[in-house]
file coords-v1.cif (mmCIF, C-alpha atoms)
data_target
loop_
_atom_site.group_PDB
_atom_site.id
_atom_site.type_symbol
_atom_site.label_atom_id
_atom_site.label_comp_id
_atom_site.auth_asym_id
_atom_site.auth_seq_id
_atom_site.Cartn_x
_atom_site.Cartn_y
_atom_site.Cartn_z
ATOM 1 C CA MET A 1 -15.328 40.671 113.211
ATOM 2 C CA ASP A 2 -14.351 44.300 113.703
ATOM 3 C CA LYS A 3 -12.697 43.405 117.007
ATOM 4 C CA LEU A 4 -10.852 40.553 115.297
ATOM 5 C CA ARG A 5 -9.619 42.836 112.524
ATOM 6 C CA ASN A 6 -8.445 45.476 115.018
ATOM 7 C CA ALA A 7 -6.633 42.898 117.146
ATOM 8 C CA LEU A 8 -4.869 41.389 114.143
ATOM 9 C CA LYS A 9 -3.971 44.849 112.826
ATOM 10 C CA LYS A 10 -2.298 45.648 116.143
ATOM 11 C CA LEU A 11 -0.546 42.284 116.044
ATOM 12 C CA LYS A 12 0.768 43.076 112.554
ATOM 13 C CA ILE A 13 2.112 46.475 113.636
ATOM 14 C CA GLN A 14 3.697 45.011 116.770
ATOM 15 C CA ALA A 15 5.302 42.164 114.816
ATOM 16 C CA SER A 16 6.653 44.603 112.217
ATOM 17 C CA VAL A 17 8.246 46.853 114.850
ATOM 18 C CA ALA A 18 9.690 43.834 116.656
ATOM 19 C CA ALA A 19 11.120 42.410 113.436
ATOM 20 C CA VAL A 20 12.744 45.661 112.320
ATOM 21 C CA THR A 21 14.138 46.252 115.829
ATOM 22 C CA LEU A 22 15.726 42.818 116.033
ATOM 23 C CA ILE A 23 17.183 42.992 112.530
ATOM 24 C CA ILE A 24 18.723 46.446 113.066
ATOM 25 C CA ILE A 25 20.215 45.498 116.451
ATOM 26 C CA GLY A 26 21.478 42.224 114.997
ATOM 27 C CA LEU A 27 23.237 44.081 112.180
ATOM 28 C CA MET A 28 24.761 46.493 114.721
ATOM 29 C CA PHE A 29 26.104 43.570 116.744
ATOM 30 C CA ILE A 30 27.852 42.187 113.661
ATOM 31 C CA ILE A 31 29.038 45.397 111.979
ATOM 32 C CA PHE A 32 29.987 47.470 115.052
ATOM 33 C CA ARG A 33 31.139 44.688 117.386
ATOM 34 C CA ASP A 34 34.631 46.210 117.645
ATOM 35 C CA THR A 35 33.452 49.785 118.310
ATOM 36 C CA SER A 36 31.991 51.389 121.433
ATOM 37 C CA LEU A 37 29.307 49.186 122.957
ATOM 38 C CA GLU A 38 27.813 52.269 124.623
ATOM 39 C CA VAL A 39 26.723 53.570 121.214
ATOM 40 C CA ILE A 40 25.039 50.238 120.529
ATOM 41 C CA CYS A 41 23.364 50.481 123.944
ATOM 42 C CA TYR A 42 21.833 53.893 123.214
ATOM 43 C CA VAL A 43 20.577 52.985 119.743
ATOM 44 C CA ALA A 44 19.314 49.603 120.908
ATOM 45 C CA GLY A 45 17.653 51.252 123.910
ATOM 46 C CA ALA A 46 15.672 53.621 121.682
ATOM 47 C CA LEU A 47 14.495 50.812 119.410
ATOM 48 C CA ILE A 48 13.613 48.519 122.301
ATOM 49 C CA MET A 49 11.706 51.276 124.080
ATOM 50 C CA VAL A 50 9.471 51.734 121.013
ATOM 51 C CA TRP A 51 8.912 47.982 120.836
ATOM 52 C CA GLY A 52 8.127 47.703 124.549
ATOM 53 C CA VAL A 53 5.743 50.679 124.603
ATOM 54 C CA LEU A 54 3.896 49.229 121.603
ATOM 55 C CA CYS A 55 3.493 45.879 123.427
ATOM 56 C CA LEU A 56 2.084 47.667 126.481
ATOM 57 C CA PHE A 57 -0.225 49.796 124.339
ATOM 58 C CA THR A 58 -1.549 46.669 122.624
ATOM 59 C CA PHE A 59 -2.225 45.043 125.997
ATOM 60 C CA PHE A 60 -3.988 48.010 127.613
ATOM 61 C CA ALA A 61 -5.872 49.056 124.455
ATOM 62 C CA SER A 62 -7.415 45.600 124.295
ATOM 63 C CA GLY A 63 -8.959 46.037 127.736
ATOM 64 C CA PHE A 64 -6.619 43.454 129.299
ATOM 65 C CA LYS A 65 -8.078 40.748 127.050
ATOM 66 C CA THR A 66 -4.946 39.830 125.124
ATOM 67 C CA ALA A 67 -2.401 37.231 126.206
ATOM 68 C CA SER A 68 -0.468 38.187 129.309
ATOM 69 C CA GLY A 69 2.681 37.600 127.250
ATOM 70 C CA ASP A 70 2.255 41.068 125.717
ATOM 71 C CA LEU A 71 2.362 42.622 129.184
ATOM 72 C CA ALA A 72 5.368 40.576 130.296
ATOM 73 C CA LEU A 73 7.286 41.238 127.090
ATOM 74 C CA GLY A 74 6.429 44.954 127.133
ATOM 75 C CA LEU A 75 7.539 45.466 130.735
ATOM 76 C CA THR A 76 10.751 43.492 130.159
ATOM 77 C CA LEU A 77 11.624 45.488 127.041
ATOM 78 C CA VAL A 78 10.944 48.845 128.704
ATOM 79 C CA LEU A 79 13.100 47.827 131.673
ATOM 80 C CA ILE A 80 15.927 46.752 129.374
ATOM 81 C CA ALA A 81 15.663 50.027 127.433
ATOM 82 C CA LEU A 82 15.843 52.094 130.630
ATOM 83 C CA LEU A 83 18.907 50.171 131.783
ATOM 84 C CA LEU A 84 20.555 50.730 128.400
ATOM 85 C CA PHE A 85 19.901 54.477 128.699
ATOM 86 C CA ILE A 86 20.776 54.969 132.374
ATOM 87 C CA LYS A 87 23.743 52.650 132.905
ATOM 88 C CA PRO A 88 25.150 51.596 129.534
ATOM 89 C CA TRP A 89 28.620 51.017 131.011
ATOM 90 C CA VAL A 90 27.136 48.407 133.343
ATOM 91 C CA ILE A 91 24.936 46.789 130.721
ATOM 92 C CA THR A 92 27.678 46.314 128.117
ATOM 93 C CA GLY A 93 29.027 43.342 130.070
ATOM 94 C CA ILE A 94 25.703 41.516 129.913
ATOM 95 C CA LEU A 95 24.327 43.017 126.706
ATOM 96 C CA THR A 96 24.092 39.748 124.806
ATOM 97 C CA VAL A 97 22.533 38.014 127.826
ATOM 98 C CA LEU A 98 19.740 40.599 127.949
ATOM 99 C CA PHE A 99 18.934 40.066 124.304
ATOM 100 C CA GLY A 100 19.046 36.322 124.859
ATOM 101 C CA ILE A 101 16.420 36.732 127.569
ATOM 102 C CA ALA A 102 14.355 38.906 125.222
ATOM 103 C CA LEU A 103 14.432 36.133 122.608
ATOM 104 C CA ILE A 104 13.349 33.574 125.208
ATOM 105 C CA ILE A 105 10.371 35.748 126.176
ATOM 106 C CA ASP A 106 9.578 36.318 122.507
ATOM 107 C CA GLY A 107 9.568 32.556 122.004
ATOM 108 C CA ALA A 108 7.274 32.114 125.015
ATOM 109 C CA VAL A 109 4.839 34.672 123.558
ATOM 110 C CA LYS A 110 4.850 32.754 120.273
ATOM 111 C CA LEU A 111 4.038 29.570 122.201
ATOM 112 C CA GLN A 112 0.978 31.336 123.620
ATOM 113 C CA GLN A 113 -0.022 32.353 120.107
ATOM 114 C CA PHE A 114 0.400 28.745 118.965
ATOM 115 C CA ALA A 115 -1.829 27.542 121.815
ATOM 116 C CA ALA A 116 -4.573 30.002 120.787
ATOM 117 C CA MET A 117 -4.265 29.040 117.121
ATOM 118 C CA ASN A 118 -4.271 25.346 118.035
ATOM 119 C CA ARG A 119 -7.581 25.728 119.858
ATOM 120 C CA ALA A 120 -9.004 27.404 116.761
ATOM 121 C CA ARG A 121 -7.522 24.674 114.509
ATOM 122 C CA ILE A 122 -5.668 27.210 112.357
ATOM 123 C CA LYS A 123 -3.595 25.333 109.772
ATOM 124 C CA SER A 124 -0.625 27.709 109.934
ATOM 125 C CA ARG A 125 -0.231 27.176 113.694
ATOM 126 C CA TRP A 126 2.697 24.808 113.137
ATOM 127 C CA ALA A 127 4.768 27.586 111.559
ATOM 128 C CA VAL A 128 4.301 29.654 114.729
ATOM 129 C CA LEU A 129 5.394 26.648 116.814
ATOM 130 C CA VAL A 130 8.595 26.349 114.760
ATOM 131 C CA PHE A 131 9.265 30.090 115.163
ATOM 132 C CA ALA A 132 8.747 29.759 118.925
ATOM 133 C CA ILE A 133 11.141 26.825 119.276
ATOM 134 C CA VAL A 134 13.847 28.515 117.180
ATOM 135 C CA ALA A 135 13.578 31.745 119.217
ATOM 136 C CA LEU A 136 13.759 29.814 122.496
ATOM 137 C CA VAL A 137 16.782 27.768 121.400
ATOM 138 C CA LEU A 138 18.678 30.811 120.102
ATOM 139 C CA GLY A 139 17.859 32.765 123.273
ATOM 140 C CA ILE A 140 19.082 29.949 125.533
ATOM 141 C CA LEU A 141 22.313 29.588 123.538
ATOM 142 C CA ILE A 142 22.992 33.324 123.819
ATOM 143 C CA VAL A 143 22.348 33.341 127.580
ATOM 144 C CA PHE A 144 24.665 30.401 128.288
ATOM 145 C CA ASP A 145 27.294 31.691 125.809
ATOM 146 C CA PRO A 146 29.060 28.565 124.513
ATOM 147 C CA PHE A 147 30.719 30.608 121.748
ATOM 148 C CA GLY A 148 33.252 32.663 123.698
ATOM 149 C CA SER A 149 34.674 35.607 121.765
ATOM 150 C CA THR A 150 32.300 35.097 118.831
ATOM 151 C CA ILE A 151 29.178 35.595 120.954
ATOM 152 C CA MET A 152 28.518 39.058 119.480
ATOM 153 C CA ILE A 153 28.428 37.630 115.962
ATOM 154 C CA PHE A 154 26.222 34.718 117.004
ATOM 155 C CA ALA A 155 23.904 37.043 118.929
ATOM 156 C CA GLY A 156 23.656 39.326 115.904
ATOM 157 C CA ILE A 157 22.824 36.442 113.582
ATOM 158 C CA SER A 158 20.266 35.134 116.083
ATOM 159 C CA LEU A 159 18.539 38.519 116.314
ATOM 160 C CA ILE A 160 18.416 38.824 112.523
ATOM 161 C CA VAL A 161 16.994 35.297 112.160
ATOM 162 C CA THR A 162 14.346 36.021 114.794
ATOM 163 C CA GLY A 163 13.487 39.317 113.094
ATOM 164 C CA VAL A 164 13.010 37.574 109.742
ATOM 165 C CA MET A 165 10.794 34.979 111.447
ATOM 166 C CA ASP A 166 8.688 37.793 112.907
ATOM 167 C CA LEU A 167 8.218 39.197 109.402
ATOM 168 C CA CYS A 168 7.102 35.748 108.252
ATOM 169 C CA ALA A 169 4.715 35.656 111.218
ATOM 170 C CA ILE A 170 2.881 38.646 109.704
ATOM 171 C CA GLY A 171 1.887 36.447 106.775
ATOM 172 C CA VAL A 172 0.798 33.744 109.204
ATOM 173 C CA ALA A 173 -1.348 36.298 111.039
ATOM 174 C CA LYS A 174 -3.047 37.242 107.748
ATOM 175 C CA ASN A 175 -3.814 33.570 107.135
ATOM 176 C CA TRP A 176 -5.171 33.353 110.677
ATOM 177 C CA LYS A 177 -7.446 36.340 109.969
ATOM 178 C CA ASP A 178 -8.790 34.832 106.739
ATOM 179 C CA GLN A 179 -9.500 31.443 108.300
ATOM 180 C CA ALA A 180 -11.004 32.999 111.433
ATOM 181 C CA ALA A 181 -13.353 35.038 109.252
ATOM 182 C CA LYS A 182 -14.379 31.886 107.365
ATOM 183 C CA ASN A 183 -15.018 30.084 110.663
ATOM 184 C CA VAL A 184 -17.271 32.910 111.824
ATOM 185 C CA ILE A 185 -19.219 32.821 108.567
ATOM 186 C CA ASP A 186 -19.620 29.047 108.796
ATOM 187 C CA LEU A 187 -20.777 29.359 112.380
ATOM 188 C CA ASP A 188 -23.381 31.927 111.405
ATOM 189 C CA ASP A 189 -24.693 29.663 108.624
ATOM 190 C CA ASP A 190 -25.016 26.758 111.044
ATOM 191 C CA ASP A 191 -26.859 28.936 113.501
ATOM 192 C CA ILE A 192 -29.314 30.006 110.797
ATOM 193 C CA LYS A 193 -29.952 26.394 109.843
ATOM 194 C CA GLU A 194 -30.612 25.468 113.464
ATOM 195 C CA VAL A 195 -33.110 28.321 113.817
ATOM 196 C CA GLU A 196 -34.869 27.319 110.591
ATOM 197 C CA GLU A 197 -35.122 23.699 111.783
ATOM 198 C CA GLU A 198 -36.571 24.803 115.107
ATOM 199 C CA ASP A 199 -39.107 27.017 113.324
ATOM 200 C CA GLY A 200 -40.080 24.113 111.082
ATOM 201 C CA LYS A 201 -40.864 21.991 114.125
#
call {"tool": "encode", "arguments": {"input": "coords-v1.cif", "output": "structure tokens"}}
result
Amino acid sequence: MDKLRNALKKLKIQASVAAVTLIIIGLMFIIFRDTSLEVICYVAGALIMVWGVLCLFTFFASGFKTASGDLALGLTLVLIALLLFIKPWVITGILTVLFGIALIIDGAVKLQQFAAMNRARIKSRWAVLVFAIVALVLGILIVFDPFGSTIMIFAGISLIVTGVMDLCAIGVAKNWKDQAAKNVIDLDDDDIKEVEEEDGK
């Protein structure tokens, strides 16, 4: 149970950082879309670097036992952050595309979480599936850019929506923790009954 609590605590911290990062960058896309994109690159790079490092820390601190999605997402985010720092003038042309890719990966990670919750029969797993599908759809739309000149606004809204969903996912994770704890307790009770029955024989 201690390992479960620690893992879910790290998940909560990671989800909170991800949510705040996406919401702030989304607001910057909408509010500062007509100003220097290089400024957005630097600020976004700092936020994304924190997010990426946290994903990598979660993966390595768990002894490589967490979903590989944390490693993939962490490496992708760190790479994007470095590009935003080193060559912002190059990245500005594909800035929205990069964030679209980040949303697609985020959606893929949520799909992995749904698969794990589905195996454990967690009731709230369907909310995670919805979050995953929404993130994937928004990411794909941003990458293929069917909105033309309004892509910055759409990308900003998409990032904010995904950030809000990540905040909601924190509540889902708490529900997962409570139900997982109940399952462990029930399992222990069953084990005790089996032992008692064997002793009685």
call {"tool": "axis_aligned_box", "arguments": {"input": "coords-v1.cif", "around": "stretch 132-148 of chain A", "padding_each_side": "5 Å", "output": "AutoDock Vina command-line options"}}
result
--center_x 21.0 --center_y 30.1 --center_z 122.7 --size_x 34.5 --size_y 16.5 --size_z 21.1
call {"tool": "residues_around", "arguments": {"input": "coords-v1.cif", "residues": "A:Ala102", "least_positions_apart": "6", "cutoff": "10 Å", "atoms": "only C-alpha atoms", "output": "list of chain:residue names"}}
result
A:Leu73, A:Thr76, A:Leu77, A:Ile80, A:Thr96, A:Ala108, A:Ala135, A:Leu136, A:Gly139, A:Leu159
call {"tool": "closest_residue", "arguments": {"input": "coords-v1.cif", "among": "A:Ala155, A:Leu95, A:Val78, A:Leu129", "to": "A:Val109", "atoms": "all atoms listed in the file"}}
result
A:Leu129
call {"tool": "residues_around", "arguments": {"input": "coords-v1.cif", "residues": "A:Leu83", "least_positions_apart": "4", "cutoff": "12 Å", "atoms": "all atoms listed in the file", "output": "VMD selection string"}}
result
chain A and resid 38 41 to 42 44 to 46 48 to 49 76 to 79 87 to 92 94 to 95 98
call {"tool": "resolve_selection", "arguments": {"input": "coords-v1.cif", "expression": "the PyMOL selection byres ((chain A and resi 127) around 10)", "output": "list of chain:residue names"}}
result
A:Phe114, A:Lys123, A:Ser124, A:Arg125, A:Trp126, A:Val128, A:Leu129, A:Val130, A:Phe131, A:Ala132, A:Met165, A:Cys168, A:Ala169, A:Val172
call {"tool": "atom_distance", "arguments": {"input": "coords-v1.cif", "atom1": "atom CA of A:Val53", "atom2": "atom CA of A:Leu75"}}
result
8.2 Å
call {"tool": "closest_residue", "arguments": {"input": "coords-v1.cif", "among": "A:Ala116, A:Leu22, A:Phe29, A:Gly74", "to": "A:Phe60", "atoms": "all atoms listed in the file"}}
result
A:Gly74
call {"tool": "residues_around", "arguments": {"input": "coords-v1.cif", "residues": "A:Gly26", "least_positions_apart": "4", "cutoff": "9 Å", "atoms": "all atoms listed in the file", "output": "ChimeraX atom specification"}}
result
/A:21-22,30-31,152-153,155-161,163
call {"tool": "residues_around", "arguments": {"input": "coords-v1.cif", "residues": "A:Ile142", "least_positions_apart": "4", "cutoff": "8 Å", "atoms": "all atoms listed in the file", "output": "PyMOL selection string"}}
result
chain A and resi 96-97+99-100+138+146+151+154-155
call {"tool": "closest_residue", "arguments": {"input": "coords-v1.cif", "among": "A:Val43, A:Gln14, A:Leu37, A:Leu82", "to": "A:Asp106", "atoms": "all atoms listed in the file"}}
result
A:Gln14
call {"tool": "atom_distance", "arguments": {"input": "coords-v1.cif", "atom1": "atom CA of A:Ala72", "atom2": "atom CA of A:Asp145"}}
result
24.1 Å
call {"tool": "atom_distance", "arguments": {"input": "coords-v1.cif", "atom1": "atom CA of A:Val20", "atom2": "atom CA of A:Ala120"}}
result
28.7 Å
call {"tool": "closest_residue", "arguments": {"input": "coords-v1.cif", "among": "A:Phe59, A:Ile13, A:Val39, A:Gln113", "to": "A:Ile25", "atoms": "all atoms listed in the file"}}
result
A:Val39
